[in-house]
>>> print(open('structure_26.cif').read())   # mmCIF, C-alpha atoms and all ligand atoms
data_my_file
loop_
_atom_site.label_atom_id
_atom_site.label_comp_id
_atom_site.auth_asym_id
_atom_site.auth_seq_id
_atom_site.Cartn_x
_atom_site.Cartn_y
_atom_site.Cartn_z
CA VAL A 10 0.88 -5.23 -6.30
CA TYR A 11 0.87 -8.36 -4.15
CA HIS A 12 -2.15 -10.29 -2.92
CA LEU A 13 -0.50 -12.38 -0.21
CA MET A 14 2.70 -11.57 1.65
CA PRO A 15 5.47 -13.84 0.34
CA PRO A 16 7.74 -15.67 2.81
CA ASP A 17 9.99 -13.21 4.71
CA HIS A 18 13.19 -14.03 2.83
CA VAL A 19 11.43 -13.72 -0.55
CA PHE A 20 9.86 -10.36 0.30
CA GLN A 21 13.18 -9.11 1.68
CA GLY A 22 14.87 -10.22 -1.57
CA HIS A 23 12.27 -8.30 -3.59
CA ILE A 24 12.78 -5.15 -1.52
CA GLU A 25 16.56 -5.37 -1.85
CA ALA A 26 16.22 -5.83 -5.62
CA ILE A 27 13.96 -2.77 -5.77
CA ARG A 28 16.33 -0.67 -3.64
CA GLU A 29 19.24 -1.40 -5.99
CA ARG A 30 17.36 0.35 -8.74
CA ALA A 31 14.75 2.58 -7.17
CA ASP A 32 13.54 4.42 -4.09
CA LEU A 33 10.61 3.06 -2.14
CA ILE A 34 7.91 5.64 -1.54
CA ASP A 35 4.62 5.80 0.35
CA GLU A 36 1.15 6.89 -0.71
CA ALA A 37 1.64 10.48 0.45
CA TYR A 38 4.79 10.83 -1.67
CA LEU A 39 3.05 9.41 -4.74
CA LEU A 40 0.08 11.74 -4.38
CA ARG A 41 2.33 14.78 -3.89
CA THR A 42 4.32 13.82 -6.98
CA LEU A 43 1.19 13.26 -9.07
CA ALA A 44 -0.01 16.73 -8.07
CA ALA A 45 3.34 18.42 -8.80
CA PRO A 46 5.57 16.22 -11.00
CA ASP A 47 8.06 19.10 -11.46
CA ARG A 48 8.92 19.00 -7.80
CA LYS A 49 9.91 15.33 -7.82
CA GLY A 50 13.56 16.33 -7.39
CA THR A 51 15.08 13.01 -8.49
CA SER A 52 15.44 11.11 -11.71
CA ARG A 53 15.55 7.78 -9.88
CA CYS A 54 12.74 5.32 -10.41
CA GLN A 55 10.31 5.17 -7.48
CA VAL A 56 8.24 2.25 -6.32
CA LEU A 57 5.14 2.09 -4.15
CA VAL A 58 4.41 -1.39 -2.78
CA THR A 59 0.69 -2.22 -2.69
CA PHE A 60 -1.38 -5.19 -1.51
CA ASP A 61 -4.89 -5.94 -2.79
CA ASP A 62 -7.89 -7.44 -0.98
CA GLY A 63 -6.60 -7.05 2.60
CA TYR A 64 -5.92 -10.60 3.70
CA LEU A 65 -5.14 -11.08 7.37
CA GLN A 66 -1.97 -12.90 6.36
CA CYS A 67 -0.54 -9.65 4.86
CA VAL A 68 -0.89 -7.72 8.10
CA SER A 69 0.01 -10.48 10.54
CA GLU A 70 2.27 -9.47 13.40
CA SER A 71 5.30 -11.00 11.67
CA SER A 72 4.48 -9.23 8.41
CA LEU A 73 4.22 -5.86 10.17
CA VAL A 74 7.51 -6.52 11.97
CA LEU A 75 9.10 -7.29 8.60
CA THR A 76 7.85 -4.15 6.83
CA ARG A 77 8.91 -1.99 9.79
CA ARG A 78 12.37 -3.55 9.77
CA LEU A 79 12.68 -3.02 6.00
CA ASP A 80 11.24 0.51 6.33
CA VAL A 81 8.57 -0.24 3.72
CA HIS A 82 5.23 1.58 3.86
CA PRO A 83 2.77 -0.40 1.75
CA LEU A 84 -0.62 0.78 0.55
CA LEU A 85 -3.25 -1.83 1.36
CA PHE A 86 -6.50 -1.90 -0.61
CA VAL A 87 -9.29 -3.37 1.47
CA VAL A 88 -12.97 -4.09 0.94
CA ALA A 89 -15.33 -2.22 3.24
CA ALA A 90 -17.25 -5.45 3.95
CA ALA A 91 -14.18 -6.61 5.90
CA VAL A 92 -14.72 -3.90 8.51
CA ASP A 93 -18.52 -4.21 8.44
CA PRO A 94 -19.72 -7.71 7.48
CA ARG A 95 -23.32 -6.41 7.31
CA LEU A 96 -22.37 -4.84 3.98
CA GLY A 97 -22.32 -8.27 2.34
CA ALA A 98 -19.96 -11.04 1.34
CA PRO A 99 -17.03 -10.05 -0.90
CA HIS A 100 -17.11 -11.60 -4.39
CA ARG A 101 -14.42 -13.72 -6.01
CA LEU A 102 -11.42 -13.30 -3.76
CA ILE A 103 -8.37 -15.46 -4.33
CA LYS A 104 -8.26 -19.07 -3.23
CA ALA A 105 -5.31 -20.53 -1.36
CA ARG A 106 -3.87 -23.95 -2.22
CA ASP A 107 -6.41 -25.65 0.02
CA GLY A 108 -9.22 -24.13 -2.07
CA MET A 109 -10.31 -21.83 0.75
CA VAL A 110 -10.44 -18.04 0.59
CA PRO A 111 -7.90 -16.72 3.10
CA PRO A 112 -9.53 -14.65 5.86
CA LEU A 113 -9.67 -10.88 5.48
CA ALA A 114 -8.11 -8.67 8.12
CA PRO A 115 -10.68 -7.33 10.59
CA ILE A 116 -10.57 -3.78 11.84
CA ASP A 117 -8.12 -4.24 14.72
CA ASP A 118 -5.53 -5.71 12.37
CA LEU A 119 -6.04 -2.87 9.89
CA ARG A 120 -5.46 -0.41 12.71
CA ALA A 121 -2.26 -2.27 13.61
CA ALA A 122 -1.12 -1.93 9.99
CA LEU A 123 -1.78 1.82 10.11
CA ARG A 124 0.31 2.06 13.28
CA SER A 125 3.12 0.25 11.43
CA GLY A 126 3.19 2.90 8.74
CA TRP A 127 0.93 1.28 6.16
CA THR A 128 -1.81 3.29 4.46
CA ILE A 129 -5.24 2.03 3.46
CA GLY A 130 -7.17 2.54 0.27
CA SER A 131 -10.50 1.21 -0.95
CA HIS A 132 -10.99 -1.95 -2.99
CA THR A 133 -14.77 -1.24 -3.18
CA THR A 134 -17.40 -2.45 -0.72
CA THR A 135 -17.70 -6.10 -1.81
CA HIS A 136 -14.85 -6.57 -4.34
CA TRP A 137 -17.10 -5.39 -7.16
CA ASP A 138 -16.15 -5.73 -10.82
CA CYS A 139 -16.33 -2.05 -11.87
CA GLY A 140 -16.69 -2.99 -15.54
CA ALA A 141 -20.46 -2.85 -15.18
CA GLY A 142 -23.09 -1.60 -12.80
CA THR A 143 -25.81 0.92 -12.23
CA ASP A 144 -25.18 4.38 -10.82
CA SER A 145 -26.37 3.18 -7.46
CA ASP A 146 -24.06 0.11 -7.58
CA PHE A 147 -21.08 2.36 -8.18
CA HIS A 148 -22.15 4.84 -5.56
CA TRP A 149 -22.48 2.09 -2.96
CA GLN A 150 -19.26 0.33 -3.97
CA ILE A 151 -16.97 3.31 -4.57
CA SER A 152 -18.28 6.24 -2.55
CA GLY A 153 -19.86 4.04 0.12
CA SER A 154 -16.66 2.07 0.78
CA LYS A 155 -14.69 5.29 1.22
CA GLU A 156 -17.13 6.55 3.83
CA VAL A 157 -17.27 3.24 5.70
CA LEU A 158 -13.49 2.86 5.81
CA GLU A 159 -12.87 6.46 6.83
CA ARG A 160 -15.40 6.24 9.63
CA ALA A 161 -14.14 2.86 10.86
CA LEU A 162 -10.43 3.65 10.69
CA ASP A 163 -10.50 7.39 11.29
CA VAL A 164 -8.09 8.13 8.43
CA PRO A 165 -8.65 9.68 5.00
CA VAL A 166 -9.05 7.15 2.18
CA ARG A 167 -7.55 8.84 -0.86
CA THR A 168 -6.96 6.00 -3.31
CA LEU A 169 -8.87 3.06 -4.79
CA ALA A 170 -7.81 -0.07 -6.65
CA TYR A 171 -10.32 -1.56 -9.10
CA PRO A 172 -10.89 -5.25 -8.23
CA PHE A 173 -9.39 -7.52 -10.93
CA GLY A 174 -7.89 -4.34 -12.43
CA ARG A 175 -7.99 -5.05 -16.15
CA ARG A 176 -9.50 -2.71 -18.70
CA ARG A 177 -12.69 -4.73 -18.79
CA ASN A 178 -12.93 -4.34 -14.99
CA THR A 179 -13.12 -0.54 -15.25
CA SER A 180 -15.64 1.69 -16.98
CA ASP A 181 -16.22 5.37 -17.67
CA LYS A 182 -19.04 5.32 -15.13
CA ALA A 183 -16.79 3.85 -12.44
CA VAL A 184 -14.00 6.35 -13.15
CA ALA A 185 -16.48 9.23 -12.97
CA CYS A 186 -17.76 7.93 -9.65
CA VAL A 187 -14.20 7.60 -8.28
CA ARG A 188 -13.52 11.21 -9.19
CA ARG A 189 -16.83 12.46 -7.80
CA SER A 190 -16.33 10.58 -4.54
CA GLY A 191 -13.21 12.58 -3.70
CA TYR A 192 -10.49 10.03 -4.38
CA VAL A 193 -7.18 11.50 -5.52
CA ALA A 194 -6.01 8.50 -7.56
CA ALA A 195 -7.06 4.99 -8.58
CA PHE A 196 -5.11 1.95 -9.76
CA THR A 197 -5.59 -0.71 -12.39
CA THR A 198 -3.37 -3.75 -12.98
CA ARG A 199 -2.20 -2.56 -16.38
CA ARG A 200 1.56 -3.07 -16.32
CA GLY A 201 3.78 -0.04 -16.78
CA VAL A 202 5.27 3.04 -15.17
CA ILE A 203 3.94 6.49 -14.41
CA ALA A 204 6.63 8.34 -16.34
CA ASP A 205 7.45 12.04 -16.53
CA GLY A 206 4.89 13.64 -18.77
CA PHE A 207 2.41 10.87 -17.93
CA GLU A 208 -0.84 11.96 -19.49
CA ALA A 209 -3.26 9.21 -18.66
CA SER A 210 -5.91 9.76 -16.02
CA PRO A 211 -4.76 9.63 -12.37
CA PHE A 212 -7.86 7.46 -11.96
CA LEU A 213 -6.46 4.72 -14.23
CA LEU A 214 -2.87 4.38 -12.99
CA PRO A 215 -0.84 1.34 -14.07
CA ARG A 216 0.57 -1.25 -11.65
CA ASP A 217 2.67 -4.37 -11.97
CA VAL A 218 1.31 -7.57 -10.48
CA VAL A 219 4.08 -9.38 -8.60
CA GLU A 220 3.59 -13.07 -9.36
CA PRO A 221 3.99 -15.43 -6.38
CA TRP A 222 6.93 -17.25 -7.95
CA TRP A 223 8.98 -14.11 -8.67
CA GLY A 224 12.50 -13.72 -7.28
CA PRO A 225 14.85 -10.73 -7.38
CA GLN A 226 15.62 -11.25 -11.08
CA GLU A 227 11.99 -10.99 -12.09
CA ILE A 228 11.62 -7.85 -9.97
CA ALA A 229 14.68 -6.38 -11.69
CA GLY A 230 13.35 -7.26 -15.13
CA CYS A 231 10.00 -5.75 -14.30
CA LEU A 232 11.60 -2.50 -13.08
CA ALA A 233 13.68 -2.38 -16.25
CA GLY A 234 10.41 -2.26 -18.18
CA GLY A 235 10.69 -5.79 -19.50
CA LEU A 236 7.00 -6.46 -18.96
CA ASP A 237 5.58 -3.11 -20.07
CA GLY A 238 3.22 -3.59 -22.94
CA MET A 239 2.57 -7.22 -21.98
CA PRO A 240 -0.99 -8.05 -22.91
CA ALA A 241 -2.24 -7.97 -19.32
CA TRP A 242 -4.43 -4.89 -19.83
CA ARG A 243 -7.35 -6.60 -21.48
ZN ZN A 301 -8.83 -7.80 -5.44
#
>>> encode(input="structure_26.cif", output="structure tokens")
Amino acid sequence: VYHLMPPDHVFQGHIEAIRERADLIDEAYLLRTLAAPDRKGTSRCQVLVTFDDGYLQCVSESSLVLTRRLDVHPLLFVVAAAVDPRLGAPHRLIKARDGMVPPLAPIDDLRAALRSGWTIGSHTTTHWDCGAGTDSDFHWQISGSKEVLERALDVPVRTLAYPFGRRRNTSDKAVACVRRSGYVAAFTTRRGVIADGFEASPFLLPRDVVEPWWGPQEIAGCLAGGLDGMPAWR
């Protein structure tokens, strides 16, 4: 998972490093494979590129040109408040070097990303920490964001990423709400791979955070499992 799109040459270097060791897949492929792991048909490692929060910078024209040229189909997790500001102000997004929160992509830019082969998942309604909340908080944040995004973008929203993504940012109540709301899978930021025989819940899938300073070597080390078990899942 990325938050911001790295410079073109850095992202291209990451993708090339991934392709030396793995196949790049899209959301549809991942969901098919989760449903029927026996039909995967390859022993090669597979990587789905995701972006969290939905910053405008990630889906700029140049970024979409780049992902089309590299034939990458990222999954972008967006907050529903970005497509309908009446839903409230998102909490605790990242800050850029200038101390400002980068702008979120409005609906036209999200539609452009869809046309470029990206898919869109939910990152809750207002970037909610799913570690705590009432039933109605979770309903509004998890089920509500799915409905808002599906209506606004006219596509099914099948996946969710928990904001902040650590264990303490998820809860049994949130996972139950994700399942009840009709999502097919949900992602944390616990490092690791979904291996054959993976038995954890499809609603608590692991992901590796790509740090902004990473080059191809760090990507390679990460794919080799060098970071699995790092104490990031707290
Ligand atoms: Zn986030």
>>> atom_distance(input="structure_26.cif", atom1="atom CA of A:Arg176", atom2="atom CA of A:His132")
15.8 Å
>>> closest_atom_pairs(input="structure_26.cif", of="chain A", to="ligand ZN 301 (chain A)", cutoff="6 Å", atoms="only C-alpha atoms and all ligand atoms", output="JSON lines")
{"residue": "A:Asp61", "atom": "CA", "partner": "A:ZN301", "partner_atom": "ZN", "distance": 5.1}
{"residue": "A:Asp62", "atom": "CA", "partner": "A:ZN301", "partner_atom": "ZN", "distance": 4.6}
{"residue": "A:Pro172", "atom": "CA", "partner": "A:ZN301", "partner_atom": "ZN", "distance": 4.3}
{"residue": "A:Phe173", "atom": "CA", "partner": "A:ZN301", "partner_atom": "ZN", "distance": 5.5}
>>> closest_residue(input="structure_26.cif", among="A:Arg106, A:Arg175, A:Arg216, A:Arg167", to="A:Gly140", atoms="only C-alpha atoms")
A:Arg175
>>> residues_around(input="structure_26.cif", residues="stretch 25-38 of chain A", least_positions_apart="4", cutoff="6 Å", atoms="all atoms listed in the file", output="PDB file with C-alpha atoms, in the frame of the given file")
ATOM      1  CA  ARG A  53      15.550   7.780  -9.880  1.00  0.00           C
ATOM      2  CA  CYS A  54      12.740   5.320 -10.410  1.00  0.00           C
ATOM      3  CA  GLN A  55      10.310   5.170  -7.480  1.00  0.00           C
ATOM      4  CA  VAL A  56       8.240   2.250  -6.320  1.00  0.00           C
ATOM      5  CA  LEU A  57       5.140   2.090  -4.150  1.00  0.00           C
ATOM      6  CA  HIS A  82       5.230   1.580   3.860  1.00  0.00           C
ATOM      7  CA  PRO A 225      14.850 -10.730  -7.380  1.00  0.00           C
TER       8      PRO A 225
END
>>> atom_distance(input="structure_26.cif", atom1="atom CA of A:Asp181", atom2="atom CA of A:Gly130")
20.3 Å
>>> closest_residue(input="structure_26.cif", among="A:Ala233, A:Thr134, A:Val58, A:Ser125", to="A:Leu39", atoms="all atoms listed in the file")
A:Val58
>>> closest_residue(input="structure_26.cif", among="A:Lys182, A:Arg160, A:His23, A:His12", to="A:Glu227", atoms="only C-alpha atoms")
A:His23
>>> closest_residue(input="structure_26.cif", among="A:Cys67, A:Ser180, A:Arg189, A:Ala204", to="A:Leu84", atoms="all atoms listed in the file")
A:Cys67
>>> residues_near_point(input="structure_26.cif", point="(-14.4, -5.4, -7.0)", cutoff="10 Å", atoms="all atoms listed in the file", output="list in words")
Asp62, Val88, Pro99, His100, Arg101, Leu102, Ser131, His132, Thr133, Thr134, Thr135, His136, Trp137, Asp138, Cys139, Gly140, Gln150, Ile151, Ala170, Tyr171, Pro172, Phe173, Gly174, Asn178 and Thr179 of chain A
>>> atom_distance(input="structure_26.cif", atom1="atom CA of A:Ser190", atom2="atom CA of A:Thr59")
21.4 Å
>>> residues_around(input="structure_26.cif", residues="A:Ile129", least_positions_apart="3", cutoff="8 Å", atoms="all atoms listed in the file", output="list in words")
Leu84, Leu85, Phe86, Val87, Leu123 and Val166 of chain A
>>> closest_residue(input="structure_26.cif", among="A:Ala89, A:Val219, A:Cys231, A:Leu79", to="A:Leu169", atoms="all atoms listed in the file")
A:Ala89
>>> residues_around(input="structure_26.cif", residues="A:Val202", least_positions_apart="4", cutoff="8 Å", atoms="all atoms listed in the file", output="number ranges by chain")
A: 215-216, 234, 237
>>> residues_around(input="structure_26.cif", residues="stretch 90-98 of chain A", least_positions_apart="6", cutoff="8 Å", atoms="all atoms listed in the file", output="list in words")
Leu113, Ala114, Pro115, Ile116, Thr134, Thr135, Leu158 and Ala161 of chain A
>>> write_last_selection(input="structure_26.cif", atoms="C-alpha atoms", output="compact mmCIF listing (two decimals), in the frame of the given file")
# COMPACT_ATOMS: atom_id res chain seq x y z
CA LEU A 113 -9.67 -10.88 5.48
CA ALA A 114 -8.11 -8.67 8.12
CA PRO A 115 -10.68 -7.33 10.59
CA ILE A 116 -10.57 -3.78 11.84
CA THR A 134 -17.40 -2.45 -0.72
CA THR A 135 -17.70 -6.10 -1.81
CA LEU A 158 -13.49 2.86 5.81
CA ALA A 161 -14.14 2.86 10.86
>>> residues_around(input="structure_26.cif", residues="A:Arg77", least_positions_apart="6", cutoff="12 Å", atoms="all atoms listed in the file", output="MDAnalysis selection string")
chainID A and resid 21 68 70:71 83 121:127
>>> closest_residue(input="structure_26.cif", among="A:Leu65, A:Val164, A:Val187, A:Val10", to="A:Trp149", atoms="all atoms listed in the file")
A:Val187
